[in-house]
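Some notes on the structure that comes next.
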Amino acid sequence: TPRVDVLAVPDANAVAGLESSLLARRKVDVPVVAPAPSAEHQLNAVRERVRSAVTDVWPSSAVGAPLSIDIGAASEGPLGIQIVHRGVGLSGDTLEVLRRTVSASLRRDVSIVDVAVPAQRLTRQSGDLAFVAQVSTGVRATVGVQTVSVCVVRKGESPGPRTPVETDVQLSAALDSVLAAHPRVTMATGDDWSVQFVEGPCPVSTPPDGGSADAALPR
């Protein structure tokens, strides 16, 4: 007796349906992994946490608000934090309380460097060496702080053919070298040197020692 086998051949619709189900299954099986945050994004997040932890407890009314808060890049040991502000420096006890509070907030041991930029006008009253040292410290601390300007009253030349005093020549050369590193310096001419670090642009007014403000132009 002849044997007849009947084989079912799927039509085009059945094949399309099978292919669609296989593709859908593959999409479900592949997990979706979110891209890892970049190193820059992670660093910015850490900076924001540190700034928030510091500003929450910083005694701005007593020592001036922070002008900049920078963190060190060390992966081991305490996290270094440098705080630049315009005002008096923190006492040792206050600095230690601040360190402990910020460490508890960040859940990591920190070390804090307090950089106090004098708010008052600096003069030669304490001697030329101390004057240059104070100006140099302020320039280094604020060169990267965009909101801080350096307002300088430069000693004008004496009228007539008088020979400049050697100490004045040396002081002028030293201060010119120090101030050249700062991008926001305004000069005026007066009876003697003075320097003040201010937030925002330098005021256009007559210098306190009676000099002329006509030369008070940013350089």
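Chain lettering (A, B, ...) mirrors the order of the structure tokens, residue numbering begins at 1 for each chain separately, and ligand numbering begins at 1 in order of display.
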
Where does DSSP see alpha helix (DSSP H) in stretch 119-202 of chain A, if you list the residues as a ChimeraX atom specification?
/A:128-142,166-179

Please build the interface table for stretch 44-118 of chain A against stretch 183-197 of chain A with a cut-off of 12 Å, listing for each qualifying residue the nearest atom pair and the distance in Å to one decimal; count only C-alpha atoms, order rows by chain and increasing number, and write it as a Markdown table.
| residue | atom | partner | partner_atom | distance |
| --- | --- | --- | --- | --- |
| A:Leu67 | CA | A:Phe197 | CA | 11.7 |
| A:His85 | CA | A:Phe197 | CA | 10.8 |
| A:Arg86 | CA | A:Phe197 | CA | 8.0 |
| A:Gly87 | CA | A:Phe197 | CA | 10.2 |
| A:Ala116 | CA | A:Phe197 | CA | 11.2 |
| A:Val117 | CA | A:Phe197 | CA | 7.5 |
| A:Pro118 | CA | A:Phe197 | CA | 7.2 |

Do you know which residues are at most 12 Å from A:Ser103 counting only C-alpha atoms, after dropping those on the same chain fewer than 2 positions away, and could you put them as a PDB file with N, CA and C atoms, in the first residue's frame?
ATOM      1  N   ARG A  49      29.447  68.383  47.322  1.00  0.00           N
ATOM      2  CA  ARG A  49      29.209  67.867  48.680  1.00  0.00           C
ATOM      3  C   ARG A  49      30.114  68.559  49.681  1.00  0.00           C
ATOM      4  N   VAL A  50      31.385  68.732  49.313  1.00  0.00           N
ATOM      5  CA  VAL A  50      32.341  69.373  50.219  1.00  0.00           C
ATOM      6  C   VAL A  50      31.948  70.829  50.449  1.00  0.00           C
ATOM      7  N   ALA A  53      28.991  71.023  52.749  1.00  0.00           N
ATOM      8  CA  ALA A  53      29.331  70.681  54.126  1.00  0.00           C
ATOM      9  C   ALA A  53      30.077  71.820  54.806  1.00  0.00           C
ATOM     10  N   VAL A  54      30.941  72.525  54.068  1.00  0.00           N
ATOM     11  CA  VAL A  54      31.723  73.625  54.649  1.00  0.00           C
ATOM     12  C   VAL A  54      30.842  74.855  54.878  1.00  0.00           C
ATOM     13  N   VAL A  57      28.461  75.244  57.948  1.00  0.00           N
ATOM     14  CA  VAL A  57      28.973  75.484  59.308  1.00  0.00           C
ATOM     15  C   VAL A  57      30.023  76.600  59.357  1.00  0.00           C
ATOM     16  N   PRO A  78      43.482  61.718  54.905  1.00  0.00           N
ATOM     17  CA  PRO A  78      42.444  62.749  55.015  1.00  0.00           C
ATOM     18  C   PRO A  78      42.249  63.504  53.702  1.00  0.00           C
ATOM     19  N   LEU A  79      41.018  63.909  53.460  1.00  0.00           N
ATOM     20  CA  LEU A  79      40.704  64.721  52.287  1.00  0.00           C
ATOM     21  C   LEU A  79      41.110  66.161  52.580  1.00  0.00           C
ATOM     22  N   GLY A  80      42.034  66.700  51.783  1.00  0.00           N
ATOM     23  CA  GLY A  80      42.505  68.066  51.998  1.00  0.00           C
ATOM     24  C   GLY A  80      41.521  69.089  51.463  1.00  0.00           C
ATOM     25  N   ILE A  81      41.172  70.075  52.277  1.00  0.00           N
ATOM     26  CA  ILE A  81      40.259  71.145  51.883  1.00  0.00           C
ATOM     27  C   ILE A  81      40.930  72.482  52.175  1.00  0.00           C
ATOM     28  N   GLU A  96      39.634  73.277  64.517  1.00  0.00           N
ATOM     29  CA  GLU A  96      39.487  71.865  64.879  1.00  0.00           C
ATOM     30  C   GLU A  96      38.013  71.466  64.956  1.00  0.00           C
ATOM     31  N   VAL A  97      37.178  72.341  65.531  1.00  0.00           N
ATOM     32  CA  VAL A  97      35.735  72.065  65.576  1.00  0.00           C
ATOM     33  C   VAL A  97      35.174  71.977  64.157  1.00  0.00           C
ATOM     34  N   LEU A  98      35.612  72.875  63.299  1.00  0.00           N
ATOM     35  CA  LEU A  98      35.158  72.861  61.904  1.00  0.00           C
ATOM     36  C   LEU A  98      35.586  71.569  61.219  1.00  0.00           C
ATOM     37  N   ARG A  99      36.824  71.152  61.462  1.00  0.00           N
ATOM     38  CA  ARG A  99      37.329  69.925  60.839  1.00  0.00           C
ATOM     39  C   ARG A  99      36.503  68.712  61.257  1.00  0.00           C
ATOM     40  N   ARG A 100      36.217  68.605  62.540  1.00  0.00           N
ATOM     41  CA  ARG A 100      35.448  67.469  63.031  1.00  0.00           C
ATOM     42  C   ARG A 100      34.015  67.486  62.481  1.00  0.00           C
ATOM     43  N   THR A 101      33.424  68.659  62.417  1.00  0.00           N
ATOM     44  CA  THR A 101      32.047  68.750  61.928  1.00  0.00           C
ATOM     45  C   THR A 101      31.952  68.373  60.455  1.00  0.00           C
ATOM     46  N   SER A 105      30.090  65.164  58.619  1.00  0.00           N
ATOM     47  CA  SER A 105      29.113  65.365  57.544  1.00  0.00           C
ATOM     48  C   SER A 105      29.465  64.561  56.301  1.00  0.00           C
ATOM     49  N   LEU A 106      30.755  64.509  55.979  1.00  0.00           N
ATOM     50  CA  LEU A 106      31.204  63.791  54.777  1.00  0.00           C
ATOM     51  C   LEU A 106      31.487  62.308  55.045  1.00  0.00           C
ATOM     52  N   ARG A 107      31.488  61.936  56.331  1.00  0.00           N
ATOM     53  CA  ARG A 107      31.821  60.559  56.723  1.00  0.00           C
ATOM     54  C   ARG A 107      33.205  60.157  56.232  1.00  0.00           C
ATOM     55  N   ARG A 108      34.112  61.120  56.321  1.00  0.00           N
ATOM     56  CA  ARG A 108      35.505  60.879  55.942  1.00  0.00           C
ATOM     57  C   ARG A 108      36.370  61.900  56.663  1.00  0.00           C
ATOM     58  N   ASP A 109      37.529  61.470  57.103  1.00  0.00           N
ATOM     59  CA  ASP A 109      38.440  62.369  57.790  1.00  0.00           C
ATOM     60  C   ASP A 109      38.950  63.427  56.813  1.00  0.00           C
ATOM     61  N   VAL A 110      38.966  64.680  57.274  1.00  0.00           N
ATOM     62  CA  VAL A 110      39.428  65.768  56.420  1.00  0.00           C
ATOM     63  C   VAL A 110      40.487  66.579  57.160  1.00  0.00           C
ATOM     64  N   SER A 111      41.313  67.288  56.382  1.00  0.00           N
ATOM     65  CA  SER A 111      42.231  68.291  56.929  1.00  0.00           C
ATOM     66  C   SER A 111      41.892  69.614  56.251  1.00  0.00           C
ATOM     67  N   ILE A 112      41.882  70.689  57.020  1.00  0.00           N
ATOM     68  CA  ILE A 112      41.449  71.983  56.504  1.00  0.00           C
ATOM     69  C   ILE A 112      42.591  72.984  56.593  1.00  0.00           C
TER      70      ILE A 112
END

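For the atom pair formed by atom CA of A:Phe131 and atom CA of A:Pro59, the distance is 27.4 Å, given to one decimal.
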
With only C-alpha atoms as the counted atoms, please give the residues lying no more than 12 Å from stretch 163-172 of chain A, apart from itself and same-chain residues fewer than 6 positions off, as a list of chain:residue names.
A:Thr123, A:Arg124, A:Gly127, A:Asp128, A:Leu129, A:Ala130, A:Phe131, A:Val132, A:Ala133, A:Val135, A:Val152, A:Val153, A:Arg154, A:Lys155, A:Gly156, A:Glu157, A:Val178, A:Leu179, A:Ala180, A:Asp191, A:Asp192, A:Trp193, A:Ser194

Would you write out, as CSV, a table of all residues in stretch 100-166 of chain A that have an atom no more than 12 Å from an atom of stretch 201-204 of chain A, listing for each the closest atom pair and the distance in Å to one decimal, considering only C-alpha atoms and ordering rows by chain and rising residue number?
residue,atom,partner,partner_atom,distance
A:Gln146,CA,A:Pro201,CA,10.3
A:Thr147,CA,A:Pro201,CA,8.0
A:Val148,CA,A:Pro201,CA,7.5
A:Ser149,CA,A:Pro201,CA,5.8
A:Val150,CA,A:Cys202,CA,7.2
A:Cys151,CA,A:Cys202,CA,5.7
A:Val152,CA,A:Cys202,CA,9.1
A:Val153,CA,A:Cys202,CA,11.2

Let me see the file: selected residues, N, CA, C and O atoms, as a PDB file, in the first residue's frame.
ATOM      1  N   GLN A 146      37.856  84.594  40.722  1.00  0.00           N
ATOM      2  CA  GLN A 146      37.437  85.588  39.738  1.00  0.00           C
ATOM      3  C   GLN A 146      36.756  86.809  40.343  1.00  0.00           C
ATOM      4  O   GLN A 146      36.684  87.864  39.715  1.00  0.00           O
ATOM      5  N   THR A 147      36.240  86.701  41.554  1.00  0.00           N
ATOM      6  CA  THR A 147      35.485  87.808  42.150  1.00  0.00           C
ATOM      7  C   THR A 147      36.368  88.781  42.931  1.00  0.00           C
ATOM      8  O   THR A 147      35.873  89.790  43.433  1.00  0.00           O
ATOM      9  N   VAL A 148      37.660  88.497  43.040  1.00  0.00           N
ATOM     10  CA  VAL A 148      38.546  89.335  43.860  1.00  0.00           C
ATOM     11  C   VAL A 148      39.442  90.199  42.968  1.00  0.00           C
ATOM     12  O   VAL A 148      40.066  89.708  42.030  1.00  0.00           O
ATOM     13  N   SER A 149      39.496  91.488  43.309  1.00  0.00           N
ATOM     14  CA  SER A 149      40.379  92.427  42.623  1.00  0.00           C
ATOM     15  C   SER A 149      41.407  92.967  43.612  1.00  0.00           C
ATOM     16  O   SER A 149      41.175  92.976  44.822  1.00  0.00           O
ATOM     17  N   VAL A 150      42.533  93.444  43.083  1.00  0.00           N
ATOM     18  CA  VAL A 150      43.585  94.029  43.907  1.00  0.00           C
ATOM     19  C   VAL A 150      43.655  95.522  43.598  1.00  0.00           C
ATOM     20  O   VAL A 150      43.951  95.912  42.464  1.00  0.00           O
ATOM     21  N   CYS A 151      43.372  96.324  44.618  1.00  0.00           N
ATOM     22  CA  CYS A 151      43.367  97.781  44.454  1.00  0.00           C
ATOM     23  C   CYS A 151      44.672  98.335  45.015  1.00  0.00           C
ATOM     24  O   CYS A 151      44.921  98.232  46.221  1.00  0.00           O
ATOM     25  N   VAL A 152      45.475  98.911  44.148  1.00  0.00           N
ATOM     26  CA  VAL A 152      46.831  99.329  44.510  1.00  0.00           C
ATOM     27  C   VAL A 152      46.957 100.841  44.398  1.00  0.00           C
ATOM     28  O   VAL A 152      46.556 101.436  43.393  1.00  0.00           O
ATOM     29  N   VAL A 153      47.506 101.451  45.448  1.00  0.00           N
ATOM     30  CA  VAL A 153      47.940 102.841  45.384  1.00  0.00           C
ATOM     31  C   VAL A 153      49.462 102.821  45.320  1.00  0.00           C
ATOM     32  O   VAL A 153      50.125 102.321  46.233  1.00  0.00           O
TER      33      VAL A 153
END

Looking only at the backbone, which of the residues in stretch 88-169 of chain A does DSSP tag as strand (DSSP E or B), as number ranges by chain?
A: 110-117, 122, 148-155

Report the distance between atom CA of A:Val63 and atom CA of A:Val88 in Å, rounded to one decimal place.
5.3 Å
